[in-house]
>>> print(open('query21.csv').read())   # CSV, C-alpha atoms
chain,number,residue,atom,x,y,z
A,20,MET,CA,-6.1,14.4,5.3
A,21,THR,CA,-4.6,15.9,8.4
A,22,ASP,CA,-1.1,17.2,8.4
A,23,ILE,CA,-0.2,17.7,4.8
A,24,GLU,CA,-3.4,18.5,3.0
A,25,HIS,CA,-2.9,20.7,0.0
A,26,SER,CA,0.6,21.2,1.1
A,27,HIS,CA,3.7,21.6,-1.0
A,28,THR,CA,4.8,18.2,0.1
A,29,GLN,CA,1.8,16.4,-1.4
A,30,ASP,CA,2.5,18.3,-4.6
A,31,LEU,CA,6.2,17.3,-4.4
A,32,LEU,CA,5.5,13.6,-3.8
A,33,PHE,CA,2.4,13.0,-6.0
A,34,ARG,CA,0.5,15.9,-7.6
A,35,GLN,CA,3.3,17.7,-9.4
A,36,ALA,CA,5.6,14.7,-9.5
A,37,ARG,CA,6.0,13.6,-13.1
A,38,THR,CA,8.2,11.4,-15.3
A,39,PRO,CA,10.4,13.9,-17.1
A,40,ARG,CA,11.4,13.8,-20.7
A,41,ALA,CA,14.8,15.2,-19.9
A,42,PHE,CA,17.1,15.7,-16.9
A,43,ALA,CA,19.1,18.8,-16.0
A,44,ASP,CA,22.9,18.5,-16.2
A,45,ILE,CA,23.2,18.2,-12.4
A,46,PRO,CA,24.8,15.2,-10.7
A,47,VAL,CA,23.0,13.1,-8.1
A,48,SER,CA,25.3,12.5,-5.2
A,49,ASP,CA,25.8,9.4,-3.2
A,50,ALA,CA,24.9,11.4,-0.1
A,51,THR,CA,21.5,12.2,-1.6
A,52,MET,CA,20.9,8.5,-2.4
A,53,ARG,CA,22.0,7.6,1.1
A,54,ALA,CA,19.4,10.0,2.5
A,55,VAL,CA,16.8,8.6,0.3
A,56,TYR,CA,17.5,5.0,1.4
A,57,ASP,CA,17.7,6.0,5.1
A,58,LEU,CA,14.2,7.3,4.8
A,59,ILE,CA,12.5,4.6,2.7
A,60,LYS,CA,14.1,1.7,4.6
A,61,TRP,CA,11.4,2.2,7.3
A,62,GLY,CA,8.6,1.3,5.0
A,63,PRO,CA,6.8,-2.0,6.0
A,64,THR,CA,7.6,-5.3,4.3
A,65,GLY,CA,6.4,-8.9,4.9
A,66,ARG,CA,8.0,-10.2,8.1
A,67,ASN,CA,10.3,-7.2,7.9
A,68,GLY,CA,12.2,-9.0,5.2
A,69,GLN,CA,13.4,-5.9,3.2
A,70,PRO,CA,14.2,-7.9,0.0
A,71,LEU,CA,14.8,-4.9,-2.2
A,72,ARG,CA,18.4,-4.5,-3.5
A,73,ILE,CA,19.6,-1.5,-5.4
A,74,VAL,CA,22.4,-1.1,-7.9
A,75,LEU,CA,23.3,2.5,-8.7
A,76,VAL,CA,24.8,2.5,-12.2
A,77,ARG,CA,27.1,5.5,-12.3
A,78,SER,CA,30.2,4.7,-14.3
A,79,PRO,CA,30.2,5.0,-18.1
A,80,GLU,CA,31.4,1.4,-18.4
A,81,ALA,CA,28.6,0.1,-16.3
A,82,ARG,CA,26.1,2.3,-18.1
A,83,GLU,CA,27.1,0.7,-21.4
A,84,ARG,CA,26.7,-2.8,-19.9
A,85,LEU,CA,23.2,-1.7,-18.8
A,86,VAL,CA,21.8,-0.1,-21.9
A,87,ARG,CA,22.6,-3.2,-24.0
A,88,HIS,CA,19.7,-4.9,-22.3
A,89,LEU,CA,17.2,-2.1,-22.6
A,90,ALA,CA,14.6,-1.6,-25.3
A,91,PRO,CA,16.0,0.6,-28.1
A,92,GLY,CA,13.6,3.4,-27.3
A,93,ASN,CA,15.0,3.6,-23.7
A,94,GLN,CA,18.7,3.6,-24.4
A,95,SER,CA,19.5,7.2,-25.2
A,96,ARG,CA,17.6,8.5,-22.2
A,97,THR,CA,19.4,6.1,-19.9
A,98,LEU,CA,22.8,7.0,-21.3
A,99,SER,CA,22.1,10.7,-20.6
A,100,ALA,CA,20.5,10.3,-17.2
A,101,PRO,CA,22.6,11.7,-14.3
A,102,LEU,CA,22.1,8.3,-12.5
A,103,VAL,CA,20.4,5.0,-13.1
A,104,ALA,CA,19.1,2.7,-10.4
A,105,LEU,CA,18.6,-1.0,-11.0
A,106,LEU,CA,16.0,-2.2,-8.6
A,107,ALA,CA,16.1,-6.0,-7.9
A,108,VAL,CA,14.8,-8.5,-5.4
A,109,ASP,CA,17.1,-10.8,-3.4
A,110,ALA,CA,15.6,-14.2,-3.7
A,111,ASP,CA,17.6,-15.4,-0.8
A,112,PHE,CA,16.7,-12.5,1.5
A,113,HIS,CA,15.6,-15.0,4.2
A,114,HIS,CA,19.2,-15.5,5.2
A,115,GLU,CA,19.0,-12.0,6.8
A,116,LEU,CA,15.9,-12.7,8.7
A,117,ALA,CA,17.5,-13.9,11.9
A,118,LYS,CA,19.1,-10.5,12.1
A,119,ILE,CA,16.3,-8.2,10.9
A,120,SER,CA,13.3,-10.1,12.1
A,121,PRO,CA,14.3,-11.5,15.5
A,122,GLY,CA,10.9,-10.8,16.9
A,123,ILE,CA,9.1,-13.1,14.5
A,124,ALA,CA,9.5,-16.7,15.5
A,125,GLY,CA,10.2,-19.1,12.7
A,126,ALA,CA,10.4,-16.4,10.1
A,127,SER,CA,13.2,-18.1,8.2
A,128,GLU,CA,11.6,-21.5,8.2
A,129,ALA,CA,8.5,-20.2,6.4
A,130,TYR,CA,10.6,-19.6,3.3
A,131,THR,CA,12.1,-23.0,2.6
A,132,ASP,CA,9.8,-23.4,-0.4
A,133,GLU,CA,11.7,-21.5,-3.1
A,134,ALA,CA,8.7,-20.6,-5.3
A,135,ARG,CA,6.7,-19.3,-2.4
A,136,ARG,CA,9.8,-17.4,-1.1
A,137,ILE,CA,10.4,-15.7,-4.4
A,138,ARG,CA,6.8,-14.7,-4.7
A,139,ALA,CA,6.7,-13.2,-1.2
A,140,ALA,CA,10.1,-11.5,-1.8
A,141,THR,CA,9.0,-10.0,-5.1
A,142,ASN,CA,5.7,-8.7,-3.6
A,143,SER,CA,7.6,-6.9,-0.7
A,144,ALA,CA,10.3,-5.6,-3.0
A,145,LEU,CA,7.8,-4.0,-5.3
A,146,LEU,CA,6.2,-2.2,-2.3
A,147,GLN,CA,9.7,-1.0,-1.5
A,148,VAL,CA,10.1,0.2,-5.1
A,149,GLY,CA,6.9,2.3,-4.5
A,150,TYR,CA,8.5,3.7,-1.3
A,151,PHE,CA,11.7,4.4,-3.2
A,152,ILE,CA,9.9,6.4,-5.9
A,153,VAL,CA,8.2,8.5,-3.2
A,154,GLY,CA,11.6,8.9,-1.3
A,155,VAL,CA,13.5,9.9,-4.5
A,156,ARG,CA,10.8,12.6,-5.1
A,157,ALA,CA,11.1,13.7,-1.5
A,158,ALA,CA,14.7,14.5,-2.3
A,159,GLY,CA,13.6,16.8,-5.1
A,160,LEU,CA,14.6,14.4,-7.8
A,161,ALA,CA,12.5,13.1,-10.7
A,162,VAL,CA,12.3,9.4,-11.6
A,163,GLY,CA,11.9,7.7,-15.0
A,164,PRO,CA,10.9,4.1,-14.4
A,165,MET,CA,11.2,1.7,-17.3
A,166,GLU,CA,9.8,-1.7,-18.0
A,167,GLY,CA,11.3,-2.2,-21.4
A,168,PHE,CA,14.3,-4.4,-20.8
A,169,ASP,CA,15.6,-7.9,-21.1
A,170,ALA,CA,15.3,-9.1,-17.5
A,171,THR,CA,17.3,-12.3,-18.1
A,172,GLY,CA,20.1,-10.4,-19.8
A,173,LEU,CA,20.3,-7.8,-17.0
A,174,ASP,CA,20.3,-10.5,-14.3
A,175,LEU,CA,23.2,-12.3,-16.0
A,176,GLU,CA,25.1,-9.1,-16.5
A,177,PHE,CA,24.7,-7.6,-13.0
A,178,PHE,CA,23.8,-10.5,-10.8
A,179,PRO,CA,25.9,-13.5,-11.9
A,180,ASP,CA,25.3,-15.1,-8.5
A,181,GLY,CA,21.8,-16.0,-9.7
A,182,ARG,CA,20.0,-14.9,-6.5
A,183,HIS,CA,18.8,-11.5,-7.7
A,184,ARG,CA,16.1,-10.6,-10.2
A,185,THR,CA,15.7,-7.2,-11.8
A,186,LEU,CA,12.3,-5.6,-11.2
A,187,LEU,CA,12.7,-2.2,-12.7
A,188,VAL,CA,15.2,0.1,-14.2
A,189,MET,CA,14.9,3.8,-13.2
A,190,ASN,CA,16.6,6.9,-14.5
A,191,LEU,CA,17.2,9.5,-11.8
A,192,GLY,CA,18.0,13.2,-11.9
A,193,TYR,CA,16.8,16.7,-11.4
A,194,PRO,CA,14.2,17.5,-14.1
A,195,ALA,CA,15.2,19.8,-17.0
A,196,HIS,CA,13.2,22.9,-17.4
A,197,ASP,CA,10.2,22.3,-19.6
A,198,ALA,CA,10.7,18.5,-19.2
A,199,TYR,CA,7.0,17.6,-19.1
A,200,LYS,CA,4.3,16.4,-21.4
A,201,PRO,CA,0.7,17.0,-20.7
A,202,ARG,CA,-0.4,14.7,-17.9
A,203,GLN,CA,-2.2,11.4,-18.6
A,204,PRO,CA,-5.6,11.0,-17.1
A,205,ARG,CA,-6.2,9.0,-13.9
A,206,LEU,CA,-9.1,6.7,-13.0
A,207,ASP,CA,-11.7,8.2,-10.6
A,208,TYR,CA,-12.2,7.1,-7.1
A,209,ASP,CA,-15.5,5.3,-8.0
A,210,GLU,CA,-13.8,3.4,-10.8
A,211,VAL,CA,-11.2,2.0,-8.4
A,212,VAL,CA,-12.7,1.8,-5.0
A,213,THR,CA,-15.8,-0.1,-3.9
A,214,THR,CA,-17.2,-0.2,-0.4
A,215,VAL,CA,-18.9,-3.3,1.0
B,3,MET,CA,17.2,15.8,0.8
B,4,THR,CA,15.8,19.2,-0.1
B,5,ASP,CA,12.3,20.2,1.0
B,6,ILE,CA,11.4,17.9,3.7
B,7,GLU,CA,14.6,16.9,5.4
B,8,HIS,CA,14.2,16.1,9.1
B,9,SER,CA,10.7,17.4,8.8
B,10,HIS,CA,7.5,16.3,10.5
B,11,THR,CA,6.3,14.9,7.2
B,12,GLN,CA,9.2,12.5,6.8
B,13,ASP,CA,8.5,11.2,10.4
B,14,LEU,CA,4.8,10.9,9.6
B,15,LEU,CA,5.4,8.9,6.4
B,16,PHE,CA,8.4,6.8,7.2
B,17,ARG,CA,10.4,7.3,10.4
B,18,GLN,CA,7.6,7.3,13.0
B,19,ALA,CA,5.1,5.4,10.9
B,20,ARG,CA,4.6,1.9,12.4
B,21,THR,CA,2.3,-1.1,12.2
B,22,PRO,CA,0.1,-0.7,15.3
B,23,ARG,CA,-0.9,-3.5,17.7
B,24,ALA,CA,-4.3,-1.8,18.2
B,25,PHE,CA,-6.4,1.0,16.7
B,26,ALA,CA,-8.2,3.8,18.5
B,27,ASP,CA,-12.0,3.6,18.5
B,28,ILE,CA,-12.3,6.3,15.8
B,29,PRO,CA,-14.0,5.7,12.5
B,30,VAL,CA,-12.3,6.2,9.2
B,31,SER,CA,-14.6,8.2,6.9
B,32,ASP,CA,-15.2,7.6,3.2
B,33,ALA,CA,-14.1,11.3,2.7
B,34,THR,CA,-10.7,10.4,4.2
B,35,MET,CA,-10.3,7.4,1.9
B,36,ARG,CA,-11.3,9.6,-1.1
B,37,ALA,CA,-8.6,12.1,-0.2
B,38,VAL,CA,-6.1,9.3,0.1
B,39,TYR,CA,-7.0,7.9,-3.3
B,40,ASP,CA,-7.0,11.4,-4.9
B,41,LEU,CA,-3.4,11.8,-3.8
B,42,ILE,CA,-2.0,8.4,-4.6
B,43,LYS,CA,-3.7,8.0,-8.0
B,44,TRP,CA,-0.9,10.3,-9.4
B,45,GLY,CA,1.8,7.7,-8.7
B,46,PRO,CA,3.5,6.3,-11.8
B,47,THR,CA,2.5,2.9,-13.2
B,48,GLY,CA,3.5,1.0,-16.3
B,49,ARG,CA,2.0,2.6,-19.4
B,50,ASN,CA,-0.2,4.5,-16.9
B,51,GLY,CA,-2.2,1.4,-16.5
B,52,GLN,CA,-3.3,1.9,-12.9
B,53,PRO,CA,-4.3,-1.7,-12.3
B,54,LEU,CA,-4.9,-1.4,-8.5
B,55,ARG,CA,-8.4,-2.0,-7.3
B,56,ILE,CA,-9.5,-1.4,-3.7
B,57,VAL,CA,-12.4,-2.9,-1.8
B,58,LEU,CA,-13.1,-1.1,1.5
B,59,VAL,CA,-14.6,-3.7,3.8
B,60,ARG,CA,-16.8,-1.7,6.2
B,61,SER,CA,-20.0,-3.6,7.0
B,62,PRO,CA,-20.1,-6.3,9.7
B,63,GLU,CA,-21.4,-8.8,7.2
B,64,ALA,CA,-18.6,-8.2,4.7
B,65,ARG,CA,-16.1,-8.2,7.6
B,66,GLU,CA,-17.3,-11.7,8.5
B,67,ARG,CA,-17.0,-12.9,4.9
B,68,LEU,CA,-13.4,-11.5,4.9
B,69,VAL,CA,-12.0,-12.9,8.1
B,70,ARG,CA,-13.1,-16.5,7.2
B,71,HIS,CA,-10.2,-16.4,4.7
B,72,LEU,CA,-7.5,-15.0,7.0
B,73,ALA,CA,-5.0,-16.8,9.0
B,74,PRO,CA,-6.4,-17.4,12.6
B,75,GLY,CA,-3.8,-15.0,14.1
B,76,ASN,CA,-5.1,-12.2,11.9
B,77,GLN,CA,-8.8,-12.6,12.4
B,78,SER,CA,-9.5,-10.7,15.7
B,79,ARG,CA,-7.4,-7.7,14.7
B,80,THR,CA,-9.2,-7.4,11.4
B,81,LEU,CA,-12.6,-7.8,13.1
B,82,SER,CA,-11.8,-4.9,15.4
B,83,ALA,CA,-10.1,-2.6,12.9
B,84,PRO,CA,-12.1,0.6,12.1
B,85,LEU,CA,-11.7,-0.2,8.3
B,86,VAL,CA,-10.2,-2.9,6.2
B,87,ALA,CA,-8.9,-2.5,2.7
B,88,LEU,CA,-8.6,-5.4,0.3
B,89,LEU,CA,-6.0,-4.5,-2.3
B,90,ALA,CA,-6.3,-6.3,-5.6
B,91,VAL,CA,-5.1,-6.2,-9.2
B,92,ASP,CA,-7.5,-6.0,-12.1
B,93,ALA,CA,-6.1,-8.6,-14.6
B,94,ASP,CA,-8.2,-7.0,-17.3
B,95,PHE,CA,-7.0,-3.4,-16.6
B,96,HIS,CA,-6.0,-3.1,-20.3
B,97,HIS,CA,-9.6,-2.5,-21.3
B,98,GLU,CA,-9.2,1.0,-19.7
B,99,LEU,CA,-6.0,1.9,-21.6
B,100,ALA,CA,-7.7,3.6,-24.5
B,101,LYS,CA,-9.1,6.1,-22.0
B,102,ILE,CA,-6.2,6.5,-19.5
B,103,SER,CA,-3.3,6.0,-21.8
B,104,PRO,CA,-4.3,7.7,-25.1
B,105,GLY,CA,-0.8,9.0,-25.6
B,106,ILE,CA,0.8,5.6,-25.7
B,107,ALA,CA,0.3,4.1,-29.1
B,108,GLY,CA,-0.6,0.4,-29.1
B,109,ALA,CA,-0.8,0.2,-25.3
B,110,SER,CA,-3.7,-2.2,-25.3
B,111,GLU,CA,-2.3,-4.5,-28.0
B,112,ALA,CA,0.8,-5.1,-25.9
B,113,TYR,CA,-1.2,-7.0,-23.4
B,114,THR,CA,-2.9,-9.7,-25.4
B,115,ASP,CA,-0.7,-12.4,-23.8
B,116,GLU,CA,-2.5,-13.0,-20.6
B,117,ALA,CA,0.4,-14.3,-18.5
B,118,ARG,CA,2.5,-11.3,-19.5
B,119,ARG,CA,-0.4,-8.9,-18.9
B,120,ILE,CA,-1.0,-10.3,-15.4
B,121,ARG,CA,2.6,-10.1,-14.5
B,122,ALA,CA,2.9,-6.4,-15.7
B,123,ALA,CA,-0.4,-5.6,-13.9
B,124,THR,CA,0.7,-7.2,-10.6
B,125,ASN,CA,4.0,-5.3,-10.7
B,126,SER,CA,2.3,-2.0,-11.2
B,127,ALA,CA,-0.4,-2.7,-8.7
B,128,LEU,CA,2.2,-3.5,-6.0
B,129,LEU,CA,3.9,-0.2,-6.6
B,130,GLN,CA,0.5,1.4,-6.1
B,131,VAL,CA,0.1,-0.5,-2.9
B,132,GLY,CA,3.3,1.1,-1.8
B,133,TYR,CA,1.9,4.6,-2.7
B,134,PHE,CA,-1.3,3.7,-0.9
B,135,ILE,CA,0.6,2.9,2.3
B,136,VAL,CA,2.4,6.2,2.1
B,137,GLY,CA,-0.9,8.0,1.3
B,138,VAL,CA,-2.8,6.4,4.2
B,139,ARG,CA,-0.1,7.6,6.5
B,140,ALA,CA,-0.2,11.1,5.0
B,141,ALA,CA,-3.8,11.2,6.2
B,142,GLY,CA,-2.6,10.5,9.8
B,143,LEU,CA,-3.8,6.8,9.7
B,144,ALA,CA,-1.8,3.7,10.5
B,145,VAL,CA,-1.8,0.6,8.4
B,146,GLY,CA,-1.6,-3.1,9.3
B,147,PRO,CA,-0.7,-5.0,6.1
B,148,MET,CA,-1.3,-8.7,6.3
B,149,GLU,CA,0.0,-11.6,4.1
B,150,GLY,CA,-1.6,-14.4,6.0
B,151,PHE,CA,-4.7,-15.2,3.9
B,152,ASP,CA,-6.2,-17.7,1.5
B,153,ALA,CA,-5.9,-15.8,-1.7
B,154,THR,CA,-8.1,-18.2,-3.7
B,155,GLY,CA,-10.8,-18.1,-1.1
B,156,LEU,CA,-10.8,-14.3,-0.9
B,157,ASP,CA,-10.8,-14.0,-4.7
B,158,LEU,CA,-13.9,-16.3,-5.0
B,159,GLU,CA,-15.6,-14.4,-2.2
B,160,PHE,CA,-15.1,-10.8,-3.3
B,161,PHE,CA,-14.3,-11.1,-7.0
B,162,PRO,CA,-16.5,-13.8,-8.5
B,163,ASP,CA,-16.0,-12.3,-11.9
B,164,GLY,CA,-12.5,-14.0,-11.9
B,165,ARG,CA,-10.6,-11.0,-13.2
B,166,HIS,CA,-9.3,-9.7,-9.9
B,167,ARG,CA,-6.6,-11.1,-7.7
B,168,THR,CA,-6.0,-10.2,-4.0
B,169,LEU,CA,-2.6,-8.8,-3.3
B,170,LEU,CA,-2.8,-7.7,0.3
B,171,VAL,CA,-5.3,-7.2,3.1
B,172,MET,CA,-4.7,-4.1,5.2
B,173,ASN,CA,-6.3,-3.0,8.5
B,174,LEU,CA,-6.7,0.8,8.7
B,175,GLY,CA,-7.3,3.2,11.5
B,176,TYR,CA,-5.9,5.7,13.9
B,177,PRO,CA,-3.4,4.1,16.2
B,178,ALA,CA,-4.3,3.4,19.8
B,179,HIS,CA,-2.3,5.1,22.4
B,180,ASP,CA,0.7,2.9,23.3
B,181,ALA,CA,0.1,0.7,20.2
B,182,TYR,CA,3.7,0.1,19.3
B,183,LYS,CA,6.2,-2.6,20.0
B,184,PRO,CA,10.0,-1.8,19.8
B,185,ARG,CA,11.0,-1.3,16.2
B,186,GLN,CA,12.6,-4.1,14.2
B,187,PRO,CA,16.0,-3.4,12.7
B,188,ARG,CA,16.6,-2.3,9.1
B,189,LEU,CA,19.4,-3.2,6.7
B,190,ASP,CA,22.1,-0.6,6.3
B,191,TYR,CA,22.7,1.3,3.1
B,192,ASP,CA,25.8,-0.7,2.3
B,193,GLU,CA,23.9,-3.9,2.7
B,194,VAL,CA,21.3,-2.9,0.2
B,195,VAL,CA,22.9,-0.5,-2.2
B,196,THR,CA,26.0,-1.1,-4.4
B,197,THR,CA,27.4,1.4,-6.9
B,198,VAL,CA,29.0,0.4,-10.2
>>> encode(input="query21.csv", output="structure tokens")
Amino acid sequence: MTDIEHSHTQDLLFRQARTPRAFADIPVSDATMRAVYDLIKWGPTGRNGQPLRIVLVRSPEARERLVRHLAPGNQSRTLSAPLVALLAVDADFHHELAKISPGIAGASEAYTDEARRIRAATNSALLQVGYFIVGVRAAGLAVGPMEGFDATGLDLEFFPDGRHRTLLVMNLGYPAHDAYKPRQPRLDYDEVVTTV
Amino acid sequence: MTDIEHSHTQDLLFRQARTPRAFADIPVSDATMRAVYDLIKWGPTGRNGQPLRIVLVRSPEARERLVRHLAPGNQSRTLSAPLVALLAVDADFHHELAKISPGIAGASEAYTDEARRIRAATNSALLQVGYFIVGVRAAGLAVGPMEGFDATGLDLEFFPDGRHRTLLVMNLGYPAHDAYKPRQPRLDYDEVVTTV
């Protein structure tokens, strides 16, 4: 590694970054989320399609609508998190391609098949969720990503237009003091990487 | 943003990071790739499942086997890249859960339904691809991710066991001088983020 080996930044983004059990009682501002987005928007996506859409669930009313569709074990944490992000894919992202991908000839025409388009969009949006997690941590926040939710229920509740699909629900905030459990093990390089 | 606002690191990982048209004639060592993996392995995945698997395609023989399954427009770039990574998901990642997710009761049992398991594994592996892209850039390398390939052909060629599925093929290297085209536009915050 060149620039940031063993640095505080690597610790911040990956080594010390953890999913907290509890958040500090400190709000997460819209300005912070704007800074996060303005960083992670540069991450690469297929044909520059940028299909990720983000709903920041801030008001108590919206929070109640959200937790109804979460697994019971996730509800109290989400109610008490300073902010919750609903990360979704726009299945009709290709309507933006003429604007955001002008250099790629025929970009929009490649997505007339809906199943293929949604698969491509979901793949790119999940890469963007990865960038989002790194970007949120770069802002000094901790993330609590959750898979335990009723996706169909969430989609109907927050995306009645039918063109968005929820990928992940994520609690956001500054970690509480003493918020961490012992770290789970990771697979070794030789268990994951082969060279041919 | 706290620690790294406007910093060189943010530029390195996101703002200046770009997909290069050409790579410098500088090899990418296994030690560098090991450092990348040892950083990005800490990124969060569903139930700590870590389903991403990486094949580094280094030898000329393996490179020839790979490019046969790429779209014609991607073949010459991939032949000339210093290194190519084949990023795949292990559909049977749950066999590792007893070891890597001991704190999560019943983690392995939740994945007996194959379709559900592969969907969950693919989602987490794509987040990991996002971390991988950031980690590769943290090492000073540039990435050229490609979607134009015959996934079935690649899977048969490199994963005859049938339990892995190719997600993305990625050229890796140090960017050549003058490797960049003008940057494509990005969607604005208010086009992507709504607050409720």
>>> closest_atom_pairs(input="query21.csv", of="range 117-198 of chain A", to="range 192-196 of chain B", cutoff="12 Å", atoms="all atoms listed in the file", output="JSON lines")
{"residue": "A:Ile119", "atom": "CA", "partner": "B:Glu193", "partner_atom": "CA", "distance": 12.0}
{"residue": "A:Ala144", "atom": "CA", "partner": "B:Val194", "partner_atom": "CA", "distance": 11.8}
{"residue": "A:Gln147", "atom": "CA", "partner": "B:Val194", "partner_atom": "CA", "distance": 11.9}
{"residue": "A:Phe177", "atom": "CA", "partner": "B:Thr196", "partner_atom": "CA", "distance": 10.9}
{"residue": "A:Phe178", "atom": "CA", "partner": "B:Thr196", "partner_atom": "CA", "distance": 11.6}
{"residue": "A:His183", "atom": "CA", "partner": "B:Val194", "partner_atom": "CA", "distance": 11.9}
>>> closest_residue(input="query21.csv", among="B:Pro53, B:Gly75, B:Gly132, B:Gly164", to="chain A", atoms="only C-alpha atoms")
B:Gly132
>>> interface_residues(input="query21.csv", of="chain B", to="chain A", cutoff="6 Å", atoms="only C-alpha atoms", output="list in words")
Met3, Thr4, Phe16, Trp44, Gly45, Arg55, Ile56, Val57, Leu58, Val59, Arg60, Ile102, Leu128, Leu129, Gly132, Tyr133, Ala141, Gly142, Pro187, Val194, Val195, Thr196, Thr197 and Val198 of chain B
>>> write_last_selection(input="query21.csv", atoms="C-alpha atoms", output="short mmCIF file (atom, residue, chain, number, x, y, z; two decimals), in the coordinates of the input")
data_model
loop_
_atom_site.label_atom_id
_atom_site.label_comp_id
_atom_site.auth_asym_id
_atom_site.auth_seq_id
_atom_site.Cartn_x
_atom_site.Cartn_y
_atom_site.Cartn_z
CA MET B 3 17.20 15.80 0.80
CA THR B 4 15.80 19.20 -0.10
CA PHE B 16 8.40 6.80 7.20
CA TRP B 44 -0.90 10.30 -9.40
CA GLY B 45 1.80 7.70 -8.70
CA ARG B 55 -8.40 -2.00 -7.30
CA ILE B 56 -9.50 -1.40 -3.70
CA VAL B 57 -12.40 -2.90 -1.80
CA LEU B 58 -13.10 -1.10 1.50
CA VAL B 59 -14.60 -3.70 3.80
CA ARG B 60 -16.80 -1.70 6.20
CA ILE B 102 -6.20 6.50 -19.50
CA LEU B 128 2.20 -3.50 -6.00
CA LEU B 129 3.90 -0.20 -6.60
CA GLY B 132 3.30 1.10 -1.80
CA TYR B 133 1.90 4.60 -2.70
CA ALA B 141 -3.80 11.20 6.20
CA GLY B 142 -2.60 10.50 9.80
CA PRO B 187 16.00 -3.40 12.70
CA VAL B 194 21.30 -2.90 0.20
CA VAL B 195 22.90 -0.50 -2.20
CA THR B 196 26.00 -1.10 -4.40
CA THR B 197 27.40 1.40 -6.90
CA VAL B 198 29.00 0.40 -10.20
#
>>> residues_near_point(input="query21.csv", point="(24.0, 11.3, -23.8)", cutoff="12 Å", atoms="only C-alpha atoms", output="PDB file with C-alpha atoms, keeping the file's coordinate frame")
ATOM      1  CA  ALA A  41      14.800  15.200 -19.900  1.00  0.00           C
ATOM      2  CA  PHE A  42      17.100  15.700 -16.900  1.00  0.00           C
ATOM      3  CA  ALA A  43      19.100  18.800 -16.000  1.00  0.00           C
ATOM      4  CA  ASP A  44      22.900  18.500 -16.200  1.00  0.00           C
ATOM      5  CA  PRO A  79      30.200   5.000 -18.100  1.00  0.00           C
ATOM      6  CA  ARG A  82      26.100   2.300 -18.100  1.00  0.00           C
ATOM      7  CA  GLU A  83      27.100   0.700 -21.400  1.00  0.00           C
ATOM      8  CA  VAL A  86      21.800  -0.100 -21.900  1.00  0.00           C
ATOM      9  CA  ASN A  93      15.000   3.600 -23.700  1.00  0.00           C
ATOM     10  CA  GLN A  94      18.700   3.600 -24.400  1.00  0.00           C
ATOM     11  CA  SER A  95      19.500   7.200 -25.200  1.00  0.00           C
ATOM     12  CA  ARG A  96      17.600   8.500 -22.200  1.00  0.00           C
ATOM     13  CA  THR A  97      19.400   6.100 -19.900  1.00  0.00           C
ATOM     14  CA  LEU A  98      22.800   7.000 -21.300  1.00  0.00           C
ATOM     15  CA  SER A  99      22.100  10.700 -20.600  1.00  0.00           C
ATOM     16  CA  ALA A 100      20.500  10.300 -17.200  1.00  0.00           C
ATOM     17  CA  PRO A 101      22.600  11.700 -14.300  1.00  0.00           C
ATOM     18  CA  LEU A 102      22.100   8.300 -12.500  1.00  0.00           C
TER      19      LEU A 102
END
>>> atom_distance(input="query21.csv", atom1="CA of Ile45 in chain A", atom2="CA of Pro194 in chain A")
9.2 Å
>>> atom_distance(input="query21.csv", atom1="CA of Val30 in chain B", atom2="CA of Thr168 in chain B")
22.0 Å
>>> atom_distance(input="query21.csv", atom1="CA of Glu176 in chain A", atom2="CA of Asn190 in chain A")
18.2 Å
>>> closest_residue(input="query21.csv", among="B:His71, B:Ala144, B:Thr154, B:Arg165", to="Tyr182 in chain B", atoms="all atoms listed in the file")
B:Ala144
>>> residues_around(input="query21.csv", residues="Ala198 in chain A", least_positions_apart="3", cutoff="6 Å", atoms="only C-alpha atoms", output="list of chain:residue names")
A:Pro39, A:Arg40, A:Ala41, A:Ala195
